Each structure stands twice: as structure tokens, then as C-alpha cells.
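**Student:** Got a file for you: work.cif, mmCIF, C-alpha atoms (C1' of nucleotides).
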```
data_protein
#
loop_
_atom_site.label_atom_id
_atom_site.label_comp_id
_atom_site.auth_asym_id
_atom_site.auth_seq_id
_atom_site.Cartn_x
_atom_site.Cartn_y
_atom_site.Cartn_z
CA MET O 1 0.00 0.00 0.00
CA TYR O 2 2.75 2.52 0.91
CA SER O 3 4.85 3.67 -1.97
CA ASP O 4 8.57 3.87 -2.59
CA LYS O 5 8.16 7.57 -3.22
CA LEU O 6 7.01 7.96 0.36
CA ARG O 7 9.89 5.86 1.73
CA LEU O 8 12.40 7.89 -0.24
CA VAL O 9 11.25 11.18 1.26
CA TYR O 10 12.32 10.06 4.72
CA GLN O 11 15.63 8.57 3.64
CA TYR O 12 18.33 10.00 5.90
CA PRO O 13 21.75 8.73 7.08
CA THR O 14 20.75 8.13 10.71
CA MET O 15 17.29 6.83 9.88
CA SER O 16 16.67 3.06 10.16
CA TYR O 17 14.25 1.09 8.01
CA ALA O 18 12.19 0.43 11.11
CA ASP O 19 12.01 4.17 11.79
CA ILE O 20 10.82 4.82 8.26
CA ASP O 21 8.19 2.12 8.58
CA ARG O 22 6.89 3.67 11.78
CA ILE O 23 6.74 7.05 10.12
CA ILE O 24 5.09 6.15 6.86
CA GLU O 25 2.39 4.05 8.42
CA ARG O 26 1.04 7.19 10.04
CA HIS O 27 0.34 8.61 6.60
CA GLU O 28 -3.10 8.46 5.10
CA LYS O 29 -3.69 8.31 1.37
CA VAL O 30 -5.91 11.11 0.09
CA SER O 31 -7.08 12.18 -3.35
CA PHE O 32 -7.97 15.60 -4.69
CA LYS O 33 -9.40 16.88 -7.93
CA LYS O 34 -7.83 19.46 -10.20
CA GLY O 35 -8.60 22.87 -8.74
CA ASP O 36 -9.04 21.66 -5.14
CA LEU O 37 -7.28 23.62 -2.44
CA LEU O 38 -4.96 21.75 -0.07
CA LEU O 39 -4.63 24.92 1.99
CA ARG O 40 -6.48 28.22 1.91
CA GLU O 41 -5.13 31.55 3.14
CA GLY O 42 -6.36 32.41 6.62
CA GLN O 43 -6.36 28.76 7.75
CA ILE O 44 -4.04 27.48 10.43
CA SER O 45 -2.37 24.52 8.79
CA ASP O 46 -2.48 21.35 10.90
CA CYS O 47 -1.11 18.76 8.52
CA TYR O 48 1.19 18.30 5.61
CA TYR O 49 1.32 16.17 2.51
CA ILE O 50 3.71 14.23 0.39
CA LEU O 51 2.83 14.28 -3.26
CA GLU O 52 2.48 10.85 -4.84
CA GLU O 53 0.92 11.77 -8.17
CA GLY O 54 0.04 15.04 -9.86
CA ILE O 55 1.23 18.64 -9.68
CA ALA O 56 0.37 21.34 -7.15
CA ARG O 57 1.10 25.02 -6.85
CA SER O 58 1.34 27.40 -3.92
CA PHE O 59 0.56 31.08 -4.28
CA VAL O 60 0.02 34.23 -2.27
CA HIS O 61 -1.72 37.50 -2.97
CA ASP O 62 0.61 40.47 -3.21
CA TYR O 63 -0.07 44.02 -2.02
CA GLU O 64 -2.32 44.67 -5.02
CA GLY O 65 -4.19 41.39 -4.72
CA ASN O 66 -2.40 39.69 -7.62
CA ASP O 67 -1.90 35.95 -7.50
CA ILE O 68 1.84 35.23 -7.24
CA SER O 69 3.06 31.64 -7.52
CA THR O 70 5.53 30.80 -4.78
CA ASN O 71 6.22 27.17 -5.62
CA PHE O 72 5.35 24.20 -7.79
CA PHE O 73 5.24 20.73 -6.29
CA CYS O 74 6.12 17.57 -8.18
CA PRO O 75 5.73 13.92 -7.12
CA GLY O 76 7.99 12.94 -4.22
CA GLU O 77 8.00 16.41 -2.71
CA VAL O 78 6.84 17.53 0.73
CA VAL O 79 3.91 19.93 0.49
CA ILE O 80 3.83 22.05 3.62
CA GLU O 81 3.41 25.59 4.87
CA VAL O 82 6.09 25.75 7.52
CA ALA O 83 5.27 29.11 9.11
CA SER O 84 1.63 28.31 9.76
CA ILE O 85 2.32 24.85 11.15
CA PHE O 86 5.22 25.77 13.40
CA HIS O 87 3.92 29.09 14.66
CA HIS O 88 0.22 28.15 14.72
CA ILE O 89 -0.63 31.28 12.81
CA PRO O 90 -3.03 31.78 9.87
CA THR O 91 -1.25 31.19 6.60
CA GLN O 92 -0.95 33.67 3.77
CA GLU O 93 -0.49 30.93 1.22
CA ASN O 94 -2.87 28.88 -0.85
CA ILE O 95 -1.97 25.48 -2.19
CA ILE O 96 -3.98 24.29 -5.15
CA CYS O 97 -3.97 21.12 -7.25
CA ILE O 98 -3.01 21.86 -10.84
CA THR O 99 -4.00 18.33 -11.83
CA ASP O 100 -5.83 15.57 -10.00
CA CYS O 101 -3.53 14.60 -7.12
CA VAL O 102 -2.86 11.64 -4.88
CA LEU O 103 -1.10 12.56 -1.64
CA TRP O 104 0.03 11.11 1.67
CA LYS O 105 -1.36 13.14 4.50
CA ILE O 106 -0.08 13.34 8.07
CA LYS O 107 -1.54 15.37 10.90
CA ILE O 108 0.96 17.51 12.69
CA GLU O 109 0.15 16.00 16.15
CA GLN O 110 0.99 12.57 14.74
CA PHE O 111 4.19 13.94 13.36
CA GLN O 112 5.04 15.75 16.59
CA GLY O 113 4.69 12.46 18.49
CA LEU O 114 7.09 10.68 16.16
CA PHE O 115 9.44 13.63 16.46
CA GLU O 116 9.91 13.00 20.16
CA THR O 117 10.44 9.27 19.92
CA ILE O 118 12.56 9.10 16.76
CA PRO O 119 15.64 11.32 17.10
CA ALA O 120 16.57 10.69 13.48
CA LEU O 121 13.27 12.27 12.42
CA ALA O 122 14.09 15.43 14.34
CA GLU O 123 17.42 15.55 12.51
CA TRP O 124 15.69 14.87 9.23
CA GLY O 125 13.34 17.77 9.93
CA ARG O 126 16.18 20.16 10.67
CA ALA O 127 18.04 19.14 7.54
CA TRP O 128 14.88 19.50 5.48
CA MET O 129 14.23 22.99 6.81
CA ALA O 130 17.84 24.02 6.29
CA TYR O 131 17.54 22.87 2.69
CA GLN O 132 14.31 24.78 2.15
CA LEU O 133 15.98 27.88 3.49
CA LEU O 134 18.90 27.35 1.14
CA ILE O 135 16.76 27.07 -1.97
CA THR O 136 14.55 29.96 -0.95
CA LYS O 137 17.60 32.17 -0.52
CA LYS O 138 18.87 30.98 -3.87
CA ARG O 139 15.56 31.90 -5.42
CA ALA O 140 15.86 35.47 -4.16
CA ILE O 141 19.40 35.73 -5.51
CA ASP O 142 18.34 34.33 -8.86
CA ILE O 143 15.53 36.84 -9.20
CA ILE O 144 18.02 39.60 -8.47
CA SER O 145 20.92 38.48 -10.59
CA LEU O 146 19.54 36.52 -13.54
CA SER O 147 17.62 37.79 -16.56
CA ALA O 148 14.07 36.57 -17.09
CA ILE O 149 15.23 34.33 -19.91
CA ASP O 150 17.84 32.64 -17.73
CA ARG O 151 15.36 32.11 -14.91
CA TYR O 152 13.02 30.54 -17.43
CA LYS O 153 15.69 28.16 -18.71
CA GLN O 154 16.59 27.19 -15.17
CA LEU O 155 13.02 26.41 -14.18
CA LEU O 156 12.54 24.46 -17.38
CA ALA O 157 15.60 22.36 -16.53
CA GLU O 158 14.58 21.86 -12.87
CA LYS O 159 10.86 21.20 -13.18
CA PRO O 160 9.99 20.42 -16.80
CA LEU O 161 6.81 18.68 -15.65
CA ILE O 162 5.05 21.88 -14.73
CA PHE O 163 5.35 23.31 -18.22
CA GLN O 164 3.02 20.60 -19.46
CA GLN O 165 0.39 21.35 -16.85
CA ALA O 166 0.52 24.85 -15.47
CA PRO O 167 -0.81 27.79 -17.50
CA LEU O 168 1.71 30.38 -18.62
CA LYS O 169 0.44 33.06 -16.30
CA HIS O 170 1.20 31.03 -13.20
CA ILE O 171 4.66 30.14 -14.37
CA ALA O 172 5.17 33.81 -15.21
CA THR O 173 4.40 35.07 -11.72
CA PHE O 174 6.76 32.48 -10.27
CA LEU O 175 9.48 33.86 -12.52
CA GLY O 176 8.54 37.41 -11.60
CA ILE O 177 7.41 38.48 -15.06
CA THR O 178 4.13 38.89 -16.95
CA ASP O 179 2.59 36.20 -19.10
CA THR O 180 3.11 38.45 -22.12
CA SER O 181 6.84 38.58 -21.48
CA LEU O 182 6.96 34.85 -20.90
CA SER O 183 5.24 34.25 -24.20
CA ARG O 184 7.87 36.37 -25.93
CA ILE O 185 10.73 34.62 -24.17
CA ARG O 186 9.36 31.31 -25.29
CA LYS O 187 9.06 32.51 -28.87
CA GLU O 188 12.63 33.77 -28.82
CA LEU O 189 13.94 30.45 -27.56
CA VAL O 190 12.02 28.50 -30.18
CA SER O 191 13.41 30.64 -32.99
CA LYS O 192 16.99 29.85 -31.93
CA MET V 1 29.02 39.85 31.94
CA TYR V 2 26.25 38.39 29.79
CA SER V 3 23.96 40.92 28.24
CA ASP V 4 20.19 41.36 28.14
CA LYS V 5 20.39 41.31 24.36
CA LEU V 6 21.71 37.76 24.57
CA ARG V 7 18.98 36.67 27.01
CA LEU V 8 16.29 38.15 24.79
CA VAL V 9 17.37 36.13 21.79
CA TYR V 10 16.52 32.88 23.57
CA GLN V 11 13.23 34.10 25.00
CA TYR V 12 10.58 31.51 24.15
CA PRO V 13 7.28 30.46 25.77
CA THR V 14 8.47 27.05 26.96
CA MET V 15 11.95 28.22 27.93
CA SER V 16 12.74 28.69 31.64
CA TYR V 17 15.14 31.25 33.08
CA ALA V 18 17.38 28.39 34.17
CA ASP V 19 17.43 27.05 30.61
CA ILE V 20 18.41 30.45 29.27
CA ASP V 21 21.16 30.72 31.85
CA ARG V 22 22.55 27.35 30.84
CA ILE V 23 22.47 28.37 27.20
CA ILE V 24 23.99 31.80 27.42
CA GLU V 25 26.85 30.76 29.65
CA ARG V 26 28.15 28.64 26.77
CA HIS V 27 28.63 31.78 24.69
CA GLU V 28 31.98 33.41 24.41
CA LYS V 29 32.40 37.12 23.84
CA VAL V 30 34.43 37.96 20.76
CA SER V 31 35.40 41.17 19.01
CA PHE V 32 36.08 41.90 15.36
CA LYS V 33 37.30 44.91 13.46
CA LYS V 34 35.50 46.59 10.59
CA GLY V 35 36.17 44.56 7.47
CA ASP V 36 36.86 41.29 9.29
CA LEU V 37 35.14 38.20 7.94
CA LEU V 38 33.03 36.13 10.32
CA LEU V 39 32.66 33.53 7.60
CA ARG V 40 34.36 33.06 4.24
CA GLU V 41 32.92 31.20 1.25
CA GLY V 42 34.28 27.66 1.00
CA GLN V 43 34.50 27.23 4.77
CA ILE V 44 32.36 24.75 6.64
CA SER V 45 30.75 26.82 9.32
CA ASP V 46 31.08 25.35 12.81
CA CYS V 47 29.71 28.11 15.00
CA TYR V 48 27.30 30.95 15.06
CA TYR V 49 27.12 34.38 16.60
CA ILE V 50 24.71 36.72 18.24
CA LEU V 51 25.42 40.32 17.48
CA GLU V 52 25.86 42.51 20.54
CA GLU V 53 27.22 45.66 18.95
CA GLY V 54 27.87 46.76 15.39
CA ILE V 55 26.52 45.89 11.96
CA ALA V 56 27.39 42.95 9.71
CA ARG V 57 26.51 41.95 6.18
CA SER V 58 26.31 38.62 4.39
CA PHE V 59 26.92 38.34 0.67
CA VAL V 60 27.41 35.82 -2.10
CA HIS V 61 28.97 35.98 -5.53
CA ASP V 62 26.52 35.60 -8.38
CA TYR V 63 27.13 33.81 -11.70
CA GLU V 64 29.18 36.73 -12.96
CA GLY V 65 31.19 37.10 -9.78
CA ASN V 66 29.35 40.18 -8.55
CA ASP V 67 29.01 40.72 -4.83
CA ILE V 68 25.30 40.46 -3.89
CA SER V 69 24.24 41.33 -0.34
CA THR V 70 21.94 38.69 1.12
CA ASN V 71 21.37 40.15 4.55
CA PHE V 72 22.27 42.84 7.05
CA PHE V 73 22.59 42.01 10.71
CA CYS V 74 21.76 44.41 13.53
CA PRO V 75 22.37 44.06 17.29
CA GLY V 76 20.29 41.31 18.89
CA GLU V 77 20.19 39.18 15.73
CA VAL V 78 21.47 35.65 15.21
CA VAL V 79 24.29 35.56 12.66
CA ILE V 80 24.43 32.11 11.15
CA GLU V 81 24.75 30.25 7.87
CA VAL V 82 22.19 27.52 8.32
CA ALA V 83 22.94 25.38 5.26
CA SER V 84 26.64 25.02 5.99
CA ILE V 85 26.17 24.27 9.68
CA PHE V 86 23.34 21.77 9.32
CA HIS V 87 24.56 19.98 6.23
CA HIS V 88 28.29 20.24 6.98
CA ILE V 89 28.92 21.58 3.51
CA PRO V 90 31.14 24.46 2.36
CA THR V 91 29.23 27.71 2.43
CA GLN V 92 28.71 30.04 -0.52
CA GLU V 93 28.24 33.00 1.76
CA ASN V 94 30.59 35.50 3.28
CA ILE V 95 29.78 37.42 6.42
CA ILE V 96 31.69 40.62 6.96
CA CYS V 97 31.71 43.25 9.68
CA ILE V 98 30.56 46.61 8.36
CA THR V 99 31.65 48.26 11.60
CA ASP V 100 33.68 47.02 14.55
CA CYS V 101 31.58 44.29 16.13
CA VAL V 102 31.14 42.60 19.49
CA LEU V 103 29.49 39.20 19.26
CA TRP V 104 28.59 36.16 21.34
CA LYS V 105 30.01 33.06 19.78
CA ILE V 106 28.90 29.48 20.31
CA LYS V 107 30.41 26.38 18.75
CA ILE V 108 27.91 24.14 17.09
CA GLU V 109 28.92 21.06 19.16
CA GLN V 110 28.18 23.01 22.32
CA PHE V 111 24.87 24.02 20.89
CA GLN V 112 24.08 20.48 19.75
CA GLY V 113 24.67 19.23 23.30
CA LEU V 114 22.24 21.75 24.74
CA PHE V 115 19.78 20.83 22.04
CA GLU V 116 19.52 17.28 23.34
CA THR V 117 19.12 18.19 26.99
CA ILE V 118 16.89 21.25 26.68
CA PRO V 119 13.75 20.39 24.72
CA ALA V 120 12.66 24.02 24.72
CA LEU V 121 15.85 24.89 22.83
CA ALA V 122 14.98 22.41 20.11
CA GLU V 123 11.56 24.04 19.82
CA TRP V 124 13.16 27.45 19.81
CA GLY V 125 15.40 26.33 16.96
CA ARG V 126 12.51 25.04 14.88
CA ALA V 127 10.55 28.23 15.42
CA TRP V 128 13.58 30.31 14.53
CA MET V 129 14.15 28.39 11.31
CA ALA V 130 10.48 28.57 10.38
CA TYR V 131 10.65 32.31 10.85
CA GLN V 132 13.77 32.63 8.72
CA LEU V 133 12.04 30.68 5.99
CA LEU V 134 9.03 32.97 6.24
CA ILE V 135 11.02 36.16 5.84
CA THR V 136 13.16 34.72 3.07
CA LYS V 137 10.03 33.77 1.13
CA LYS V 138 8.65 37.23 1.77
CA ARG V 139 11.86 38.72 0.42
CA ALA V 140 11.45 36.82 -2.86
CA ILE V 141 7.84 37.95 -3.18
CA ASP V 142 8.79 41.55 -2.44
CA ILE V 143 11.48 41.54 -5.11
CA ILE V 144 8.91 40.22 -7.58
CA SER V 145 5.97 42.38 -6.72
CA LEU V 146 7.29 45.69 -5.38
CA SER V 147 9.00 48.51 -7.26
CA ALA V 148 12.55 49.38 -6.33
CA ILE V 149 11.38 52.50 -4.56
CA ASP V 150 8.94 50.57 -2.38
CA ARG V 151 11.56 48.01 -1.48
CA TYR V 152 13.86 50.86 -0.51
CA LYS V 153 11.23 52.43 1.73
CA GLN V 154 10.53 49.09 3.35
CA LEU V 155 14.19 48.41 4.11
CA LEU V 156 14.60 51.92 5.45
CA ALA V 157 11.69 51.33 7.80
CA GLU V 158 12.91 47.90 8.90
CA LYS V 159 16.61 48.47 9.31
CA PRO V 160 17.33 52.19 9.39
CA LEU V 161 20.64 51.51 11.14
CA ILE V 162 22.31 50.09 8.07
CA PHE V 163 21.81 53.26 6.05
CA GLN V 164 24.18 55.06 8.38
CA GLN V 165 26.90 52.47 7.97
CA ALA V 166 26.69 50.48 4.77
CA PRO V 167 27.79 51.98 1.44
CA LEU V 168 25.08 52.51 -1.17
CA LYS V 169 26.37 49.79 -3.44
CA HIS V 170 25.86 47.09 -0.86
CA ILE V 171 22.37 48.25 -0.01
CA ALA V 172 21.64 48.41 -3.74
CA THR V 173 22.55 44.78 -4.40
CA PHE V 174 20.37 43.73 -1.47
CA LEU V 175 17.46 45.58 -3.09
CA GLY V 176 18.32 44.09 -6.46
CA ILE V 177 19.23 47.34 -8.18
CA THR V 178 22.40 49.25 -9.07
CA ASP V 179 23.95 51.89 -6.91
CA THR V 180 23.19 54.43 -9.63
CA SER V 181 19.49 53.64 -9.44
CA LEU V 182 19.54 53.73 -5.67
CA SER V 183 21.13 57.14 -5.73
CA ARG V 184 18.32 58.35 -7.99
CA ILE V 185 15.63 56.84 -5.81
CA ARG V 186 17.09 58.59 -2.83
CA LYS V 187 17.18 61.89 -4.65
CA GLU V 188 13.55 61.50 -5.69
CA LEU V 189 12.44 60.79 -2.15
CA VAL V 190 14.31 63.78 -0.76
CA SER V 191 12.69 66.13 -3.28
CA LYS V 192 9.20 65.10 -2.14
"C1'" DG X 1 -21.51 21.23 -31.71
"C1'" DA X 2 -22.27 26.06 -30.36
"C1'" DA X 3 -21.20 29.38 -26.86
"C1'" DG X 4 -18.40 30.92 -23.51
"C1'" DT X 5 -14.32 31.03 -21.08
"C1'" DT X 6 -9.50 30.66 -20.57
"C1'" DA X 7 -5.01 30.35 -22.70
"C1'" DC X 8 -1.75 32.18 -25.60
"C1'" DT X 9 0.39 35.34 -29.16
"C1'" DT X 10 1.54 39.58 -31.21
"C1'" DG X 11 1.93 44.64 -32.25
"C1'" DC X 12 2.57 49.19 -30.65
"C1'" DC X 13 4.03 52.14 -27.26
"C1'" DT X 14 5.66 53.25 -22.39
"C1'" DT X 15 8.47 52.85 -18.35
"C1'" DA X 16 11.63 51.38 -14.79
"C1'" DA X 17 16.00 50.47 -14.33
"C1'" DG X 18 20.71 49.79 -16.23
"C1'" DG X 19 25.39 51.12 -18.59
"C1'" DC X 20 28.78 54.20 -18.99
"C1'" DA X 21 31.33 58.11 -17.99
"C1'" DA X 22 32.39 62.47 -15.88
"C1'" DG X 23 32.30 64.97 -11.93
"C1'" DT X 24 32.10 65.91 -6.83
"C1'" DT X 25 32.51 64.63 -2.07
"C1'" DT X 26 34.12 61.93 1.63
"C1'" DT X 27 37.21 58.86 3.88
"C1'" DC X 28 41.40 57.14 5.12
"C1'" DA X 29 46.14 56.11 5.33
"C1'" DA X 30 50.82 57.51 5.07
"C1'" DT Z 1 47.88 67.52 5.12
"C1'" DT Z 2 47.92 65.69 1.04
"C1'" DG Z 3 47.16 62.27 -2.17
"C1'" DA Z 4 44.65 58.21 -3.42
"C1'" DA Z 5 40.80 55.53 -3.17
"C1'" DA Z 6 36.11 54.86 -2.35
"C1'" DA Z 7 31.52 56.74 -2.23
"C1'" DC Z 8 28.10 59.16 -4.29
"C1'" DT Z 9 25.66 62.04 -7.92
"C1'" DT Z 10 24.24 63.26 -12.38
"C1'" DG Z 11 23.58 63.37 -17.53
"C1'" DC Z 12 22.83 60.97 -21.68
"C1'" DC Z 13 21.41 57.06 -23.93
"C1'" DT Z 14 19.98 52.00 -24.08
"C1'" DT Z 15 17.37 48.00 -22.86
"C1'" DA Z 16 14.47 44.60 -20.61
"C1'" DA Z 17 10.19 44.11 -19.41
"C1'" DG Z 18 5.40 45.87 -18.85
"C1'" DG Z 19 0.57 47.76 -20.32
"C1'" DC Z 20 -2.98 47.49 -23.26
"C1'" DA Z 21 -5.61 45.72 -26.80
"C1'" DA Z 22 -6.75 42.83 -30.65
"C1'" DG Z 23 -6.64 38.58 -32.36
"C1'" DT Z 24 -6.34 33.35 -32.60
"C1'" DA Z 25 -6.44 28.87 -30.49
"C1'" DA Z 26 -7.83 25.55 -27.12
"C1'" DC Z 27 -10.71 23.58 -23.77
"C1'" DT Z 28 -15.04 23.09 -21.13
"C1'" DT Z 29 -19.84 22.50 -20.58
"C1'" DC Z 30 -24.36 22.20 -21.54
#
```
Rewrite the structure of this file - the entire thing - as C-alpha cells.

**Tutor:**
Amino acid sequence: MYSDKLRLVYQYPTMSYADIDRIIERHEKVSFKKGDLLLREGQISDCYYILEEGIARSFVHDYEGNDISTNFFCPGEVVIEVASIFHHIPTQENIICITDCVLWKIKIEQFQGLFETIPALAEWGRAWMAYQLLITKKRAIDIISLSAIDRYKQLLAEKPLIFQQAPLKHIATFLGITDTSLSRIRKELVSK
Amino acid sequence: MYSDKLRLVYQYPTMSYADIDRIIERHEKVSFKKGDLLLREGQISDCYYILEEGIARSFVHDYEGNDISTNFFCPGEVVIEVASIFHHIPTQENIICITDCVLWKIKIEQFQGLFETIPALAEWGRAWMAYQLLITKKRAIDIISLSAIDRYKQLLAEKPLIFQQAPLKHIATFLGITDTSLSRIRKELVSK
DNA sequence: GAAGTTACTTGCCTTAAGGCAAGTTTTCAA
DNA sequence: TTGAAAACTTGCCTTAAGGCAAGTAACTTC
């Protein structure tokens, strides 16, 4: 019943197979339809997901109310809103299914319990957070120092899957440009 | 000998005074001169600091070798490179003292030890990381959705101290613009 | 399978910010 | 205290990306 994708997420040097078994059996398989929200702004998040199948997108509303994509999730990734879960505060993010999705869900109390009894999981969590921080910092630097066309190429190389599913306008806001500009960038790259 | 600024950093709902005492007494007071590096790219970071006095700046080199500021540190802030410490990998960041600095230093092994015996410290650490992730995400969104002038105003409101100490060019790269543009923005705001 | 919506492209023009270079001011070290 | 370097400003021109609008294409949905 539990998938390899799920096992792989919790792979970590100090983590035993038995530990992983104990962790993954607390996950519940859930399905969502295209367009369903996994999280809505204003909610206090009390669980997180691991994506088994499908594509999801997180977004916020900026100061003018525009929808800005903050991330795209592909199979095997952890889908979570850290700030809301750890600080018990209402989230500013929405997470929406771009396609039909199958996910592994775990309530945060369940996770918290495992956290205290499996030291390797606490380490895993710290390493995971440190990694998220690293890539988020990198994202800010990329927006500052790369041209739109280079950011596009990079995203295309990193997450090609989303280009088959997500509409241009959502990819555009992730890159920090308009859909018009993205359309032109695409055209330019095709002509080369 | 230990300062209130240091105590305040570790303030947390589940943290007792005794816990804080145990933590802060592991910190060692260190001084650096303007221009000294607290961390150099390529190093594996094995300690972190809490800034008592002075201003520091972190920066990376982008794909073209340009110096891009990633953060400015003011008194009372934790000065750390999370990715390098938690993953034991060479850092890409440099941290430099903008002014003479007095800091509280703690080795990561010391910290790790406390981590295991003071549960509240582990919670504190998770909350701190979650917060860092939140503000780093916010930074990316701000770069995408705000004009240079609004980002300038925001930074001025948040960290006015750095404008008295850091040269324009370093503030400019943090905002994602050139020093020329920043000079013009400043001029425009003065004339209003 | 027709109507309506959403997605995408393209043209024309504008705008925010950058590039370069010259000039001034400030800082700092010898 | 003076000379050099760094910091900052400003002018002139360029460029990347945006704004708007018209048009086509694609996909729901009834």
C-alpha cells in the first residue's frame, strides 16, 4: 500500500528502516481533484502532505491582490506551509492542485509524536528545513541576478513537468514576469 | 558579563530562566574589526554568533562574480549560515563586519549538546528556522511584486541603522538594483 | 456542436531600471 | 595635510520588461 516515493522522502543517514516504517504508516492516502485547495489563506495549517501523483502550486496575494506563484510541487515532494504549522498562525499561502492529485497526509500531532520518539526524524526535519531555506535564498538571488530568460531556462531544466500542466500566467508570476513577457521569451527560444 | 540582548534572543514560551542561563553561559564574547570576515565562502561553518554591537553583512557571488548582499545584521540578531552548519557543507556565503563588532560566539557542538538536553531549545530552533524561511520567502515575493522605490522604503523602515553604515552599493545589491538607481531613488524621495 | 471562457500570441508604445562616464565629495592612510 | 581611493551624484542614452488591446487557439460545458 505505501509507496517507494514515500519511503524515499524520509531517507536519511541516521534513519533506520524500522524508523521509516513507523513514520510512513502514520500517513493516510488522500485524493484531490484538479482545482481543489490543499490549503487556503487564513487557515491554520495542521497537517502536511507528500505528493504521490500530480502537480500542485502554492501562491500568495501580493499588495495589489495579484496571484503570485511561490512554488510548484512535483511527485515525491513535501507539500507544507512551515510558518503556519510551526507558529500556529493563519497562513498567507494557498496550495492548489493543478492536476488531480494523490497525496500522503499526516496530521501535525501525529508527526510531533514521532518527532519526540525518533531522534533521526528530528534531525531529518532540521536538515529539510535548512535545505528549504537554502533554496529559498537561492531563489531570491536568482531573481536579483539573472535575466528573465535565464530564470526561465533554469526552471525548465529543474521542473519540466510543470510546463506541461501549469498555465503560462502562473509560471510567469513564479518567474517574476508577466505572461506576455513569458510568451515572448518562449518565442525567442524556439526561434533559436 | 552576559547581556540582556543575549537573554532576549533565547526568550521563548516554553523556555525557563534556568534554561536560558545554561544556554547563554556557553557563549563566548568575541570582538572583530570593521572589514573582518566572520565567515568566508568555501569554509564549513562550525559556530554561530549573536550580534551585541555593530553591523554585519552577508553576501554571495553571483554567476558573474558580482558581490550580492543577502542580509544585514543588527544588534540582537542571530548571525548564522544555516545550510553550511546543518549539512556540513562548504558555504557560498561571506559574512563581513561593516563596523567594529562585538558578538557572542557558540560552537555548534556546544549548541548540539544543549539541544539534546533542553527540549525548549529544540523548539526554539525550529521556530527560529520557520521564521527565517518565512522572511526569506517574503523577500522573494517583495522583489517580484514591489517597485525598487517601495523596497527601498521598506528596508529603510525595517533596518534604518544600516543606512548610516553600509555603502550605497551594498544596499543596492540587497534591493536588487544598481547603486546608480539607488542614488536616484534617494534623490527622488528627498525632493518630495 | 455552439457558446463561452480561458489560454496564448503579437503589435505598438511606455516605463523602470541599467550602462557608462564624468564629476564631486568623503574617507582614510601615510 | 595631502594624495589616493572609495563613495556618491548626475547626464545621456539604451534596454528589458510591462501595459494594453486585438486577435487566434484551445478547452469546457451544456

**Student:** Enumerate, in order of chain and increasing residue number, the residues of chain O with an atom no farther than 8 Å from chain X, each with its shortest atom pair and distance in Å to one decimal, counting all atoms listed in the file, as JSON lines.

**Tutor:**
```
{"residue": "O:Pro167", "atom": "CA", "partner": "X:DA7", "partner_atom": "C1'", "distance": 7.2}
{"residue": "O:Leu168", "atom": "CA", "partner": "X:DA7", "partner_atom": "C1'", "distance": 7.9}
{"residue": "O:Ser183", "atom": "CA", "partner": "X:DT9", "partner_atom": "C1'", "distance": 7.0}
```

**Student:** Using only C-alpha atoms, determine which residues of chain O fall within 10 Å of chain V; present them as a ChimeraX atom specification.

**Tutor:** /O:60-64,66,68-70,81-87,116,119,122-123,125-146,173-177

**Student:** Could you please take those selected residues and save C-alpha atoms as a compact mmCIF listing (two decimals), in the frame of the given file?

**Tutor:**
```txt
# COMPACT_ATOMS: atom_id res chain seq x y z
CA VAL O 60 0.02 34.23 -2.27
CA HIS O 61 -1.72 37.50 -2.97
CA ASP O 62 0.61 40.47 -3.21
CA TYR O 63 -0.07 44.02 -2.02
CA GLU O 64 -2.32 44.67 -5.02
CA ASN O 66 -2.40 39.69 -7.62
CA ILE O 68 1.84 35.23 -7.24
CA SER O 69 3.06 31.64 -7.52
CA THR O 70 5.53 30.80 -4.78
CA GLU O 81 3.41 25.59 4.87
CA VAL O 82 6.09 25.75 7.52
CA ALA O 83 5.27 29.11 9.11
CA SER O 84 1.63 28.31 9.76
CA ILE O 85 2.32 24.85 11.15
CA PHE O 86 5.22 25.77 13.40
CA HIS O 87 3.92 29.09 14.66
CA GLU O 116 9.91 13.00 20.16
CA PRO O 119 15.64 11.32 17.10
CA ALA O 122 14.09 15.43 14.34
CA GLU O 123 17.42 15.55 12.51
CA GLY O 125 13.34 17.77 9.93
CA ARG O 126 16.18 20.16 10.67
CA ALA O 127 18.04 19.14 7.54
CA TRP O 128 14.88 19.50 5.48
CA MET O 129 14.23 22.99 6.81
CA ALA O 130 17.84 24.02 6.29
CA TYR O 131 17.54 22.87 2.69
CA GLN O 132 14.31 24.78 2.15
CA LEU O 133 15.98 27.88 3.49
CA LEU O 134 18.90 27.35 1.14
CA ILE O 135 16.76 27.07 -1.97
CA THR O 136 14.55 29.96 -0.95
CA LYS O 137 17.60 32.17 -0.52
CA LYS O 138 18.87 30.98 -3.87
CA ARG O 139 15.56 31.90 -5.42
CA ALA O 140 15.86 35.47 -4.16
CA ILE O 141 19.40 35.73 -5.51
CA ASP O 142 18.34 34.33 -8.86
CA ILE O 143 15.53 36.84 -9.20
CA ILE O 144 18.02 39.60 -8.47
CA SER O 145 20.92 38.48 -10.59
CA LEU O 146 19.54 36.52 -13.54
CA THR O 173 4.40 35.07 -11.72
CA PHE O 174 6.76 32.48 -10.27
CA LEU O 175 9.48 33.86 -12.52
CA GLY O 176 8.54 37.41 -11.60
CA ILE O 177 7.41 38.48 -15.06
```

**Student:** Evaluating the PyMOL selection byres ((chain Z and resi 17) around 12) on the displayed file yields which residues, as number ranges by chain?

**Tutor:** O: 147-149, 176-182, 184-185; X: 14-17; Z: 15-16, 18-19

**Student:** What residues come out when you apply the PyMOL selection byres ((chain O and resi 35-44) around 7) to this file, written as a ChimeraX atom specification?

**Tutor:** /O:32-34,45-46,84-85,88-98

**Student:** Measuring atom to atom with all atoms listed in the file, identify which of Z:DC30, Z:DA25, Z:DC20, Z:DC8 is nearest to chain O.

**Tutor:**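 For chain O, the nearest of the candidates is Z:DC20.
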
**Student:** Separation of atom CA of O:Gln11 and atom CA of O:Lys107, in Å?

**Tutor:**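 Separation between atom CA of O:Gln11 and atom CA of O:Lys107: 19.8 Å.
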